[in-house]
>>> print(open('upload03.cif').read())   # mmCIF, C-alpha atoms
data_data
loop_
_atom_site.label_atom_id
_atom_site.label_comp_id
_atom_site.auth_asym_id
_atom_site.auth_seq_id
_atom_site.Cartn_x
_atom_site.Cartn_y
_atom_site.Cartn_z
CA MET V 242 92.96 111.09 59.01
CA ARG V 243 94.65 110.44 55.71
CA GLY V 244 96.36 107.08 55.28
CA TYR V 245 95.84 106.09 58.90
CA ILE V 246 93.16 104.57 61.08
CA LEU V 247 93.42 104.36 64.84
CA PRO V 248 91.72 101.16 66.00
CA GLU V 249 91.16 102.38 69.56
CA PHE V 250 89.74 105.79 68.86
CA GLY V 251 86.11 106.03 67.92
CA SER V 252 85.35 102.88 69.86
CA LYS V 253 82.41 102.83 72.24
CA LYS V 254 84.77 102.32 75.18
CA GLN V 255 86.79 105.41 74.32
CA LEU V 256 83.86 107.72 73.64
CA THR V 257 81.61 106.95 76.57
CA LYS V 258 84.27 107.82 79.14
CA LEU V 259 83.98 111.30 80.62
CA PRO V 260 86.97 113.63 80.42
CA ILE V 261 89.18 113.80 83.49
CA GLY V 262 87.69 116.15 86.09
CA VAL V 263 84.12 115.97 84.76
CA GLY V 264 81.91 114.36 87.35
CA GLU V 265 78.24 113.96 88.14
CA LYS V 266 77.87 117.68 88.86
CA GLY V 267 78.75 118.63 85.27
CA VAL V 268 76.02 120.07 83.04
CA PRO V 269 74.58 116.96 81.29
CA ALA V 270 73.74 118.67 78.00
CA LEU V 271 77.24 120.14 77.72
CA ILE V 272 78.81 116.78 78.50
CA ARG V 273 76.69 115.03 75.87
CA GLY V 274 77.44 117.75 73.32
CA SER V 275 81.16 117.39 74.01
CA ARG V 276 80.92 113.63 73.53
CA VAL V 277 79.18 114.12 70.18
CA LEU V 278 81.97 116.43 69.02
CA ASP V 279 84.64 113.99 70.24
CA ALA V 280 82.96 111.16 68.33
CA VAL V 281 82.82 113.16 65.11
CA VAL V 282 86.47 114.22 65.45
CA ALA V 283 87.55 110.60 66.09
CA SER V 284 85.83 109.27 62.96
CA ASP V 285 87.40 109.05 59.51
CA GLN V 286 83.93 109.33 57.94
CA PRO V 287 80.92 111.60 58.50
CA LEU V 288 78.61 110.12 61.16
CA THR V 289 74.83 109.91 61.08
CA VAL V 290 72.53 110.35 64.05
CA SER V 291 72.19 106.56 64.20
CA ASP V 292 75.98 106.13 64.20
CA LEU V 293 76.37 108.61 67.04
CA ALA V 294 73.52 107.15 69.07
CA ARG V 295 75.09 103.70 68.81
CA LYS V 296 78.62 104.88 69.65
CA LEU V 297 77.51 106.99 72.61
CA SER V 298 74.69 104.76 73.90
CA LEU V 299 72.25 107.67 73.73
CA PRO V 300 68.67 107.80 72.40
CA LYS V 301 68.44 108.86 68.76
CA SER V 302 66.05 111.66 69.73
CA THR V 303 68.63 113.08 72.14
CA VAL V 304 71.41 112.88 69.55
CA HIS V 305 69.18 114.46 66.91
CA GLY V 306 68.52 117.45 69.17
CA LEU V 307 72.19 117.81 70.12
CA CYS V 308 73.32 117.68 66.50
CA GLY V 309 70.75 120.29 65.48
CA THR V 310 71.99 122.68 68.15
CA LEU V 311 75.64 122.04 67.30
CA VAL V 312 74.91 122.73 63.61
CA ASP V 313 73.18 126.00 64.54
CA LEU V 314 76.28 126.99 66.53
CA GLY V 315 78.63 126.13 63.68
CA LEU V 316 80.28 123.37 65.71
CA LEU V 317 79.02 120.70 63.32
CA SER V 318 78.39 120.79 59.57
CA LYS V 319 75.61 118.71 58.05
CA ARG V 320 76.51 116.67 54.97
CA ASN V 321 74.55 114.41 52.63
CA GLY V 322 71.25 114.95 54.36
CA ASN V 323 71.85 113.31 57.72
CA SER V 324 75.58 112.95 58.36
CA PHE V 325 77.87 115.30 60.24
CA LEU V 326 81.42 116.65 60.13
CA ILE V 327 83.15 119.03 62.50
CA GLY V 328 82.07 122.63 61.86
CA PRO V 329 84.06 125.77 61.05
CA HIS V 330 83.45 127.49 64.39
CA VAL V 331 85.75 124.97 66.07
CA MET V 332 88.66 126.44 64.12
CA ARG V 333 88.11 129.82 65.79
CA TRP V 334 88.69 128.18 69.15
CA ALA V 335 91.69 126.25 67.86
CA ASN V 336 93.22 129.36 66.32
CA ALA V 337 92.62 131.36 69.49
CA PHE V 338 94.30 128.65 71.55
CA LEU V 339 97.30 128.46 69.25
CA ALA V 340 97.59 132.25 69.03
CA GLN V 341 97.91 132.57 72.79
CA THR V 342 100.33 129.67 73.15
CA ASP V 343 103.95 130.80 73.15
CA LEU V 344 104.98 127.16 72.76
CA THR V 345 103.59 126.77 69.24
CA ALA V 346 104.74 130.22 68.17
CA GLU V 347 108.29 129.56 69.31
CA PHE V 348 108.30 126.12 67.69
CA SER V 349 107.17 127.57 64.36
CA SER V 350 109.81 130.28 64.57
CA LEU V 351 112.47 127.74 65.42
CA TRP V 352 111.73 125.30 62.61
CA ASP V 353 111.96 128.16 60.08
CA SER V 354 115.57 128.66 61.16
CA LEU V 355 116.61 124.99 61.17
CA THR V 356 119.65 123.99 59.16
CA VAL V 357 119.49 120.35 60.27
CA LEU V 358 116.67 117.90 59.60
CA SER V 359 115.27 120.44 57.17
CA ASP V 360 113.64 117.70 55.07
CA GLU V 361 112.35 115.51 57.90
CA THR V 362 109.03 115.38 59.73
CA ILE V 363 109.17 117.28 63.02
CA THR V 364 106.30 117.32 65.52
CA LEU V 365 105.41 119.01 68.79
CA SER V 366 102.86 117.53 71.16
CA VAL V 367 101.51 117.90 74.68
CA LEU V 368 100.25 115.30 77.13
CA ASP V 369 96.49 115.05 77.64
CA GLY V 370 95.67 112.24 80.02
CA SER V 371 97.23 109.06 78.61
CA GLU V 372 97.45 110.50 75.08
CA VAL V 373 99.56 113.07 73.30
CA VAL V 374 97.90 115.78 71.21
CA TYR V 375 99.87 117.23 68.31
CA ILE V 376 99.82 121.02 68.41
CA ALA V 377 102.36 121.77 65.66
CA CYS V 378 103.96 119.76 62.89
CA ARG V 379 106.05 120.04 59.76
CA ASN V 380 105.53 117.05 57.51
CA SER V 381 108.29 115.78 55.24
CA SER V 382 107.80 115.39 51.52
CA SER V 383 108.86 111.76 52.00
CA SER V 384 105.96 109.42 52.64
CA LEU V 385 105.94 107.90 56.11
CA GLY V 386 102.54 106.28 55.70
CA ILE V 387 101.08 108.76 58.18
CA THR V 388 100.39 112.48 57.96
CA PHE V 389 100.69 114.30 61.27
CA ARG V 390 98.18 117.08 61.78
CA ILE V 391 97.25 119.54 64.49
CA GLY V 392 94.74 118.00 66.88
CA MET V 393 95.77 114.42 66.11
CA ARG V 394 95.86 112.18 69.19
CA LEU V 395 97.95 109.06 69.79
CA PRO V 396 98.61 106.89 72.87
CA ALA V 397 101.50 108.39 74.83
CA PRO V 398 103.17 105.02 75.61
CA PHE V 399 103.78 104.35 71.90
CA THR V 400 105.03 107.73 70.66
CA ALA V 401 108.48 109.31 70.91
CA THR V 402 107.05 112.54 72.32
CA GLY V 403 104.88 110.64 74.79
CA LYS V 404 107.77 108.52 76.01
CA ALA V 405 109.93 111.65 76.37
CA ILE V 406 107.29 113.41 78.46
CA LEU V 407 106.58 110.32 80.56
CA SER V 408 110.30 109.80 81.21
CA ALA V 409 110.34 113.15 83.05
CA MET V 410 107.75 111.80 85.50
CA SER V 411 108.36 109.44 88.40
CA ASP V 412 107.57 105.76 87.94
CA ALA V 413 104.70 106.12 90.41
CA GLN V 414 103.21 109.01 88.43
CA VAL V 415 103.42 107.05 85.18
CA ARG V 416 101.77 103.99 86.73
CA LYS V 417 98.96 106.10 88.17
CA LEU V 418 98.39 107.88 84.87
CA LEU V 419 98.15 104.66 82.88
CA ALA V 420 96.36 102.51 85.45
CA GLY V 421 93.38 100.89 83.74
CA HIS V 422 93.99 102.79 80.50
CA TRP V 423 96.42 100.62 78.51
CA PRO V 424 95.81 101.45 74.84
CA GLN V 425 95.13 99.04 72.02
CA PRO V 426 98.36 98.39 70.06
CA LEU V 427 98.77 100.33 66.83
CA THR V 428 101.39 97.95 65.40
CA SER V 429 102.95 94.63 66.30
CA ARG V 430 105.83 96.59 67.87
CA SER V 431 103.70 98.72 70.20
CA VAL V 432 104.88 98.33 73.79
CA LYS V 433 102.58 95.76 75.35
CA SER V 434 102.65 96.37 79.09
CA ILE V 435 103.39 98.91 81.77
CA GLU V 436 106.46 96.94 82.83
CA SER V 437 107.90 97.01 79.31
CA LEU V 438 107.19 100.73 79.12
CA MET V 439 108.95 101.36 82.43
CA ALA V 440 112.06 99.64 81.05
CA GLU V 441 111.89 101.87 77.96
CA LEU V 442 111.57 104.98 80.11
CA THR V 443 114.64 103.94 82.11
CA ASP V 444 116.58 103.67 78.84
CA CYS V 445 115.18 107.01 77.72
CA ARG V 446 116.40 108.75 80.89
CA ARG V 447 119.83 107.16 80.49
CA ARG V 448 120.19 108.13 76.80
CA GLY V 449 118.57 111.53 77.06
CA PHE V 450 116.09 110.85 74.24
CA SER V 451 113.23 108.48 73.43
CA ILE V 452 112.76 106.08 70.54
CA ASP V 453 109.57 104.95 68.83
CA ASP V 454 110.83 101.98 66.81
CA GLY V 455 107.75 101.40 64.68
CA GLN V 456 105.30 101.44 67.59
CA THR V 457 102.93 103.97 66.03
CA ARG V 458 103.54 103.11 62.38
CA GLU V 459 105.32 100.15 60.79
CA GLY V 460 108.39 101.31 58.90
CA MET V 461 108.76 104.60 60.80
CA TYR V 462 111.23 105.50 63.54
CA CYS V 463 110.85 108.59 65.74
CA PHE V 464 113.31 110.18 68.15
CA GLY V 465 112.06 112.57 70.82
CA THR V 466 112.88 114.58 73.89
CA ALA V 467 111.07 116.83 76.35
CA VAL V 468 110.55 120.60 76.24
CA ARG V 469 110.51 122.69 79.43
CA ASP V 470 109.08 126.09 80.32
CA SER V 471 110.23 128.95 82.58
CA SER V 472 109.51 126.87 85.69
CA ASN V 473 111.69 124.07 84.25
CA GLN V 474 108.63 121.83 84.11
CA VAL V 475 108.09 119.57 81.10
CA VAL V 476 105.31 121.05 78.98
CA ALA V 477 105.70 119.19 75.68
CA GLY V 478 107.69 116.77 73.61
CA VAL V 479 109.36 117.30 70.25
CA ALA V 480 110.25 114.52 67.83
CA VAL V 481 111.71 113.84 64.40
CA SER V 482 110.35 110.98 62.28
CA LEU V 483 112.32 108.99 59.69
CA LEU V 484 111.80 106.01 57.43
CA ALA V 485 113.06 102.89 59.22
CA THR V 486 115.14 101.97 56.17
CA ARG V 487 117.23 105.11 56.73
CA VAL V 488 117.98 104.42 60.38
CA ASP V 489 121.46 103.20 61.32
CA ASP V 490 123.93 104.12 64.07
CA ARG V 491 125.04 107.31 62.31
CA THR V 492 121.48 108.47 61.57
CA THR V 493 120.36 107.66 65.12
CA ASP V 494 123.21 109.74 66.53
CA LEU V 495 122.45 112.65 64.19
CA ALA V 496 118.70 112.54 64.86
CA ALA V 497 119.18 112.30 68.64
CA LYS V 498 121.65 115.19 68.80
CA SER V 499 119.52 117.31 66.49
CA ILE V 500 116.27 116.78 68.38
CA GLN V 501 118.04 117.43 71.70
CA THR V 502 119.36 120.71 70.27
CA ILE V 503 115.89 121.69 69.05
CA ALA V 504 114.33 120.87 72.44
CA HIS V 505 117.08 122.78 74.24
CA GLN V 506 116.64 125.88 72.05
CA LEU V 507 112.87 125.74 72.38
CA SER V 508 113.10 125.35 76.17
CA VAL V 509 115.46 128.33 76.41
CA ARG V 510 113.06 130.42 74.31
CA LEU V 511 110.31 129.51 76.78
CA GLY V 512 112.48 130.72 79.68
CA ALA V 513 113.84 127.44 81.02
CA ASP V 514 117.08 127.57 82.98
CA MET V 515 118.82 124.55 81.49
CA LYS V 516 121.81 124.95 83.83
CA LYS V 517 119.63 123.92 86.77
CA LEU V 518 118.72 120.59 85.23
CA PRO V 519 120.63 117.47 86.31
CA ALA V 520 123.26 116.34 83.82
#
>>> encode(input="upload03.cif", output="structure tokens")
Amino acid sequence: MRGYILPEFGSKKQLTKLPIGVGEKGVPALIRGSRVLDAVVASDQPLTVSDLARKLSLPKSTVHGLCGTLVDLGLLSKRNGNSFLIGPHVMRWANAFLAQTDLTAEFSSLWDSLTVLSDETITLSVLDGSEVVYIACRNSSSSLGITFRIGMRLPAPFTATGKAILSAMSDAQVRKLLAGHWPQPLTSRSVKSIESLMAELTDCRRRGFSIDDGQTREGMYCFGTAVRDSSNQVVAGVAVSLLATRVDDRTTDLAAKSIQTIAHQLSVRLGADMKKLPA
């Protein structure tokens, strides 16, 4: 990830936890293979068999066999003799997913027609457990100190899109989702507790948009709101990111209104009946 390192991701704690819904009856080899891929994706540098064995608490012989199979399948690429990067076959799956997702197609079509925020960074993400995953992005030419990319994951409590999505849930649902999973702060401004987050979500519901005031990156502000589908359920969050030095009352008002308009238009394109939503 260029210009950015996530302190939580790639840690042993993060990578040894099974995905939600995968229990003891899962196929062990598939689970271990998935964990290897997750570890490689989470790392800024190619990983060796020894690195992976240490991160995943698996025998080196097991990791060696898994990596060999994943290379044969094109899911990993071998570099510099004994280190690994994600392989090209993964992109086929990613492209297939994106091709069948109306959400990303409509977002791409919408940003091409934007007359506001045309020079700013705009992102679209979905909730995956306690994290958001970015599925579409248009990066500004202005340096924010972070480059958003498809597949990037960040803790939902810190991001504008995550806060927007969480604000559409009940307090009980948010507490259950984040119970025992509070993420490591990314900056000194990252919200530090569930109680502080709940206060932010209350403000978000009142305002109609969320604010990330430097919680994911020092010197960057993001404004976000939720996107709904044909069942009027929240399916994603959209956000605009600006340099903190540019943010004042006028810019906040413009960014908030603009991102609400984008979310509204995207929701309508997905079939949402916005008239049925509470004012």
>>> closest_residue(input="upload03.cif", among="V:Pro396, V:Gly403, V:Thr466, V:Ala420", to="Lys498 (chain V)", atoms="only C-alpha atoms")
V:Thr466
>>> axis_aligned_box(input="upload03.cif", around="region 486-502 of chain V", padding_each_side="8 Å", output="lines of an AutoDock Vina configuration file")
center_x = 120.1
center_y = 111.3
center_z = 63.9
size_x = 25.9
size_y = 34.7
size_z = 31.5
>>> resolve_selection(input="upload03.cif", expression="the PyMOL selection byres ((chain V and resi 429) around 10)", output="CSV table (one decimal) with C-alpha atoms, in the frame of the given file")
chain,number,residue,atom,x,y,z
V,426,PRO,CA,98.4,98.4,70.1
V,427,LEU,CA,98.8,100.3,66.8
V,428,THR,CA,101.4,98.0,65.4
V,430,ARG,CA,105.8,96.6,67.9
V,431,SER,CA,103.7,98.7,70.2
V,432,VAL,CA,104.9,98.3,73.8
V,433,LYS,CA,102.6,95.8,75.4
V,455,GLY,CA,107.8,101.4,64.7
V,456,GLN,CA,105.3,101.4,67.6
V,457,THR,CA,102.9,104.0,66.0
V,458,ARG,CA,103.5,103.1,62.4
V,459,GLU,CA,105.3,100.2,60.8
>>> closest_residue(input="upload03.cif", among="V:Leu418, V:Cys308, V:Ala346, V:Met410", to="Gln474 (chain V)", atoms="all atoms listed in the file")
V:Met410
>>> resolve_selection(input="upload03.cif", expression="the PyMOL selection byres ((chain V and resi 274) around 12)", output="ChimeraX atom specification")
/V:256,259,268-273,275-281,293,297,299,303-312,314,316-317
>>> atom_distance(input="upload03.cif", atom1="CA of Ile387 (chain V)", atom2="CA of Ser284 (chain V)")
16.0 Å
>>> residues_around(input="upload03.cif", residues="Leu511 (chain V)", least_positions_apart="2", cutoff="8 Å", atoms="all atoms listed in the file", output="number ranges by chain")
V: 343-344, 347, 469-471, 507-509, 513
>>> write_last_selection(input="upload03.cif", atoms="C-alpha atoms", output="mmCIF file, in the coordinates of the input")
data_model
loop_
_atom_site.group_PDB
_atom_site.id
_atom_site.type_symbol
_atom_site.label_atom_id
_atom_site.label_comp_id
_atom_site.auth_asym_id
_atom_site.auth_seq_id
_atom_site.Cartn_x
_atom_site.Cartn_y
_atom_site.Cartn_z
ATOM 1 C CA ASP V 343 103.950 130.800 73.150
ATOM 2 C CA LEU V 344 104.980 127.160 72.760
ATOM 3 C CA GLU V 347 108.290 129.560 69.310
ATOM 4 C CA ARG V 469 110.510 122.690 79.430
ATOM 5 C CA ASP V 470 109.080 126.090 80.320
ATOM 6 C CA SER V 471 110.230 128.950 82.580
ATOM 7 C CA LEU V 507 112.870 125.740 72.380
ATOM 8 C CA SER V 508 113.100 125.350 76.170
ATOM 9 C CA VAL V 509 115.460 128.330 76.410
ATOM 10 C CA ALA V 513 113.840 127.440 81.020
#
>>> residues_around(input="upload03.cif", residues="region 439-443 of chain V", least_positions_apart="5", cutoff="10 Å", atoms="only C-alpha atoms", output="compact mmCIF listing (two decimals) with C-alpha atoms, in the frame of the given file")
# COMPACT_ATOMS: atom_id res chain seq x y z
CA PRO V 398 103.17 105.02 75.61
CA LYS V 404 107.77 108.52 76.01
CA ALA V 405 109.93 111.65 76.37
CA ILE V 406 107.29 113.41 78.46
CA LEU V 407 106.58 110.32 80.56
CA SER V 408 110.30 109.80 81.21
CA ALA V 409 110.34 113.15 83.05
CA MET V 410 107.75 111.80 85.50
CA SER V 411 108.36 109.44 88.40
CA ASP V 412 107.57 105.76 87.94
CA VAL V 415 103.42 107.05 85.18
CA ARG V 416 101.77 103.99 86.73
CA VAL V 432 104.88 98.33 73.79
CA SER V 434 102.65 96.37 79.09
CA ARG V 448 120.19 108.13 76.80
CA GLY V 449 118.57 111.53 77.06
CA PHE V 450 116.09 110.85 74.24
CA SER V 451 113.23 108.48 73.43
CA ILE V 452 112.76 106.08 70.54
CA ASP V 453 109.57 104.95 68.83
>>> closest_residue(input="upload03.cif", among="V:Met332, V:Ile435, V:Leu326, V:Ile391", to="Thr289 (chain V)", atoms="all atoms listed in the file")
V:Leu326
>>> atom_distance(input="upload03.cif", atom1="CA of Pro287 (chain V)", atom2="CA of Gln425 (chain V)")
23.3 Å
>>> resolve_selection(input="upload03.cif", expression="the PyMOL selection byres ((chain V and resi 376) around 10)", output="ChimeraX atom specification")
/V:335,338-339,342,344-345,348,364-367,373-375,377-378,389-394,477
>>> atom_distance(input="upload03.cif", atom1="CA of Ser499 (chain V)", atom2="CA of Glu436 (chain V)")
29.2 Å
>>> residues_around(input="upload03.cif", residues="region 460-462 of chain V", least_positions_apart="2", cutoff="7 Å", atoms="only C-alpha atoms", output="VMD selection string")
chain V and resid 385 453 to 455 458 464 482 to 485
>>> closest_residue(input="upload03.cif", among="V:Asp360, V:Asp292, V:Gly370, V:Ala401", to="Leu438 (chain V)", atoms="all atoms listed in the file")
V:Ala401
>>> closest_residue(input="upload03.cif", among="V:Leu419, V:Gly478, V:Ser350, V:His330", to="Ser371 (chain V)", atoms="only C-alpha atoms")
V:Leu419
